[in-house]
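A.B. asks: My structure is below; once you've seen it, I'll send some questions.
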Amino acid sequence: MAAAIVLAACGGGAGQQQGDDDETGAADGEPIKIGVLSPFSGPFASVGKLKVDIFNLLLADVNEAGGINGRPVTFVAGDSQGTANEARNQALRLIDQEQVDLLVGAYLSEETVEIMEVAADRGIPLIIPTSASNEVNARIEQDPERYRHVFRVGYNITQWAQMMGDFILSRDVSSYGYVGANIRWNQEFAEELARYLAEHNVPQAFEDGFYSPSQPVFDPIIQQIQDTQPGIVVLGDPGQNAVELAKRIRQAGLEVPIFSVGGQMGDERAAATIQPLEEVYFQAASWMGDDGPTDEYFQRFKEEYGYPLVGYTDVLTHDSIMIAVEAMRRVDEVTPDALAEALAEGEFQGLAGTYTFGPDHQPPWEAGSDLSGVVVQWLAPETSQRVWPR
């Protein structure tokens with residue numbers, strides 16, 4: 001049963017797509033609009049398609065069940081193109097022209113810190129699924145009144161580095177190598193991971209491990225891995241380039257364990273291209289294995305769209321939408337201040353666990369909490385297992 005959807009025309013000429021209003025069940029009041037900011041073109045365009053598919057599936061259920069207090073939910077997408085300037089332009093368009101009630105996005109940290117300012121200036125709630133820069137929390141802490149409508153669902157850089165760092169420490173390696181795209185959050189993550197592991201006497205084997213996201217050159221990186229022999233190689237890029245690098249590492253005959261931040265390395269289709277696949281790990285917000293809601297949702301999504309979820313952007317986008325919908329259901333009237341209060345004071349259930357937002361509007365992703373993330377090991381192209389936390 002189709003959700004009511006508006007996929008707005010955005011840079012590159014994307015078409016408009018409107019669902020059948022007669023198929024929204026009991027939800028026939030004035031629509032609630034959610035603005036979705038994500039790259040729909042450029043190197044990270046696959047993220048935009050993924051988010052649209054997630055919104056379609058979830059909002060179909062929401063609207064079939066009566067929407068939010070009898071009001072159907074629609075979304076309008078804006079193509080950030082992976083740039084801060086275009087993310088800002090699209091955020092302004094969604095707020096001023098489309099008159100959305102809430103924003104979800106963006107993807108890269110460069111984009112997100114820009115749309116934070118737009119949301120603050122316009123007083124519109126913003127839920128951030130995945131952009132990890134610590135600057136998001138820092139701005140909220142420094143000026144909580146200005147950013148009272150901004151909340152992040154996913155882990156920040158410090159939390160992410162500690163979750164992955166703890167797994168690296170569990171392997172008792174003498175050094176590690178870091179490789180990533182030459183973009184802001186990859187650089188910040190590399191610094192935070194280096195700081196955390198240095199505190200535990202695990203040094204970085206080499207320092208120059210960055211490549212261009214659009215024109216990557218891997219030969220110098222392969223050579224550094226060969227020369228330094230790190231105990232594990234961390235792939236900081238969640239995109240397809242990390243998959244290509246993993247293939248190159250194995251083709252070079254290097255048997256070093258590979259540990260990815262997630263994303264494309266969690267795709268069973270990508271795993272099938274890496275031979276041999278031994279000792280390939282990735283980090284995820286949630287993963288299958290307990291016959292619970294994550295297993296059910298992963299299976300349903302694959303049946304609906306024909307491709308698998310990977311446990312990172314997809315899970316955190318799913319949980320962001322569900323948190324937004326639940327917050328709207330808890331207020332008498334969908335207004336920015338009412339939503340901000342509901343988000344700040346409530347508990348929200350998602351695929352990854354139970355979310356509560358601290359004073360910096362950040363959930364406590366950490367070992368021992370309900371939100372601890374997982375590390376998954378590929379055993380075969382379509383066979384995996386959660387190996388951390390134990």
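So you can find residues: chains in the structure tokens are A, B, ... in the order shown, residues in each start at 1, and ligands are numbered from 1 in order.
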Excluding same-chain residues fewer than 4 positions from Met322 of chain A, what lies within 8 Å of it counting only C-alpha atoms, as a PDB file with N, CA and C atoms, in the first residue's frame?
C.D. replies:
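Contents of part_1.pdb, as written:
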ATOM      1  N   HIS A 318      15.860   4.770   9.484  1.00  0.00           N
ATOM      2  CA  HIS A 318      14.635   4.136   9.967  1.00  0.00           C
ATOM      3  C   HIS A 318      14.293   4.638  11.365  1.00  0.00           C
ATOM      4  N   GLU A 326       6.808   9.155  16.324  1.00  0.00           N
ATOM      5  CA  GLU A 326       6.347   8.950  17.696  1.00  0.00           C
ATOM      6  C   GLU A 326       6.285  10.275  18.455  1.00  0.00           C
ATOM      7  N   GLY A 350      13.751   2.005  18.758  1.00  0.00           N
ATOM      8  CA  GLY A 350      14.151   1.839  17.364  1.00  0.00           C
ATOM      9  C   GLY A 350      14.759   0.469  17.155  1.00  0.00           C
TER      10      GLY A 350
END
A.B. asks: Could you write out, as an MDAnalysis selection string, all the residues of segment 154-376 of chain A that DSSP marks as strand (DSSP E)?
C.D. replies: chainID A and resid 177:181 210:211 233:235 258:260 280:284 347:350 353:356 374:376
A.B. asks: Give me a file of those residues, with N, CA and C atoms, as a compact mmCIF listing (two decimals), in the first residue's frame.
C.D. replies:
# COMPACT_ATOMS: atom_id res chain seq x y z
N GLY A 177 46.39 0.36 10.95
CA GLY A 177 46.46 1.31 9.86
C GLY A 177 45.10 1.93 9.62
N TYR A 178 45.07 3.20 9.26
CA TYR A 178 43.79 3.87 8.98
C TYR A 178 43.79 4.38 7.56
N VAL A 179 42.70 4.10 6.83
CA VAL A 179 42.54 4.56 5.46
C VAL A 179 41.15 5.16 5.33
N GLY A 180 41.04 6.34 4.69
CA GLY A 180 39.73 6.96 4.55
C GLY A 180 39.69 7.96 3.41
N ALA A 181 38.47 8.42 3.11
CA ALA A 181 38.28 9.45 2.10
C ALA A 181 38.71 10.80 2.68
N PHE A 210 44.82 8.87 3.32
CA PHE A 210 43.62 9.48 2.74
C PHE A 210 43.67 9.50 1.22
N TYR A 211 42.51 9.39 0.60
CA TYR A 211 42.41 9.43 -0.85
C TYR A 211 41.23 10.30 -1.26
N VAL A 233 43.64 -3.20 9.62
CA VAL A 233 43.45 -2.01 8.79
C VAL A 233 42.02 -1.53 8.96
N VAL A 234 41.85 -0.27 9.34
CA VAL A 234 40.54 0.34 9.51
C VAL A 234 40.18 1.11 8.24
N LEU A 235 39.04 0.79 7.65
CA LEU A 235 38.55 1.50 6.47
C LEU A 235 37.51 2.51 6.93
N ILE A 258 40.66 -6.73 8.10
CA ILE A 258 40.07 -5.49 7.60
C ILE A 258 38.85 -5.16 8.44
N PHE A 259 38.78 -3.94 8.94
CA PHE A 259 37.68 -3.52 9.82
C PHE A 259 37.11 -2.22 9.28
N SER A 260 35.87 -2.28 8.78
CA SER A 260 35.23 -1.13 8.14
C SER A 260 34.29 -0.41 9.09
N VAL A 280 37.24 -10.18 7.61
CA VAL A 280 36.66 -8.91 7.18
C VAL A 280 35.50 -8.60 8.13
N TYR A 281 35.60 -7.44 8.78
CA TYR A 281 34.64 -7.03 9.80
C TYR A 281 34.07 -5.66 9.45
N PHE A 282 32.87 -5.38 9.95
CA PHE A 282 32.34 -4.04 9.80
C PHE A 282 31.53 -3.68 11.03
N GLN A 283 31.43 -2.38 11.31
CA GLN A 283 30.68 -1.88 12.44
C GLN A 283 29.29 -1.49 11.97
N ALA A 284 28.28 -1.70 12.79
CA ALA A 284 26.90 -1.37 12.42
C ALA A 284 26.15 -0.89 13.65
N GLU A 347 11.48 8.71 25.72
CA GLU A 347 12.21 7.52 25.30
C GLU A 347 11.57 7.01 24.02
N PHE A 348 12.41 6.54 23.09
CA PHE A 348 11.91 6.13 21.78
C PHE A 348 12.56 4.81 21.39
N GLN A 349 11.75 3.87 20.95
CA GLN A 349 12.25 2.56 20.58
C GLN A 349 12.57 2.51 19.09
N GLY A 350 13.75 2.00 18.76
CA GLY A 350 14.15 1.84 17.36
C GLY A 350 14.76 0.47 17.16
N GLY A 353 17.80 -0.02 19.46
CA GLY A 353 17.61 0.00 20.90
C GLY A 353 16.71 1.15 21.32
N THR A 354 16.80 1.51 22.59
CA THR A 354 15.99 2.59 23.15
C THR A 354 16.79 3.88 23.17
N TYR A 355 16.23 4.91 22.56
CA TYR A 355 16.90 6.20 22.46
C TYR A 355 16.40 7.17 23.52
N THR A 356 17.32 7.82 24.19
CA THR A 356 17.02 8.99 25.02
C THR A 356 18.07 10.04 24.68
N VAL A 374 27.23 -2.72 17.07
CA VAL A 374 27.73 -4.09 16.95
C VAL A 374 28.87 -4.15 15.94
N VAL A 375 29.70 -5.18 16.06
CA VAL A 375 30.69 -5.50 15.04
C VAL A 375 30.29 -6.84 14.44
N VAL A 376 30.31 -6.90 13.11
CA VAL A 376 29.87 -8.08 12.38
C VAL A 376 31.04 -8.62 11.56
A.B. asks: One number please: atom CA of Pro238 of chain A to atom CA of Phe357 of chain A, in Å, one decimal.
C.D. replies: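 Those two atoms sit 25.3 Å apart.
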A.B. asks: Listing only residues of segment 104-167 of chain A within 8 Å of segment 190-202 of chain A, what is the closest atom pair and its distance in Å (to one decimal) for each, using only C-alpha atoms, sorted by chain and residue number ascending, as a tab-separated table?
C.D. replies:
residue	atom	partner	partner_atom	distance
A:Ile157	CA	A:Glu192	CA	7.0
A:Thr158	CA	A:Glu192	CA	6.3
A:Ala161	CA	A:Leu193	CA	4.8
A:Gln162	CA	A:Tyr196	CA	6.8
A:Gly165	CA	A:Leu197	CA	6.4
A.B. asks: Using N, CA and C atoms, can you export the residues from the last selection as a short mmCIF file (atom, residue, chain, number, x, y, z; two decimals), in the first residue's frame?
C.D. replies:
data_model
loop_
_atom_site.label_atom_id
_atom_site.label_comp_id
_atom_site.auth_asym_id
_atom_site.auth_seq_id
_atom_site.Cartn_x
_atom_site.Cartn_y
_atom_site.Cartn_z
N ILE A 157 31.47 11.26 16.55
CA ILE A 157 32.82 10.79 16.27
C ILE A 157 33.44 10.11 17.48
N THR A 158 33.33 10.74 18.64
CA THR A 158 33.94 10.18 19.84
C THR A 158 33.34 8.83 20.18
N ALA A 161 34.48 6.21 17.55
CA ALA A 161 35.88 5.81 17.72
C ALA A 161 36.05 4.87 18.91
N GLN A 162 35.32 5.12 19.96
CA GLN A 162 35.43 4.25 21.14
C GLN A 162 34.82 2.88 20.89
N GLY A 165 37.25 1.30 18.58
CA GLY A 165 38.51 1.14 19.28
C GLY A 165 38.48 -0.01 20.26
#
A.B. asks: Compare A:Arg88, A:Lys49, A:Leu37, A:Thr294 by their minimum atom-to-atom distance to Val76 of chain A, counting only C-alpha atoms, and give me the closest one.
C.D. replies: A:Leu37
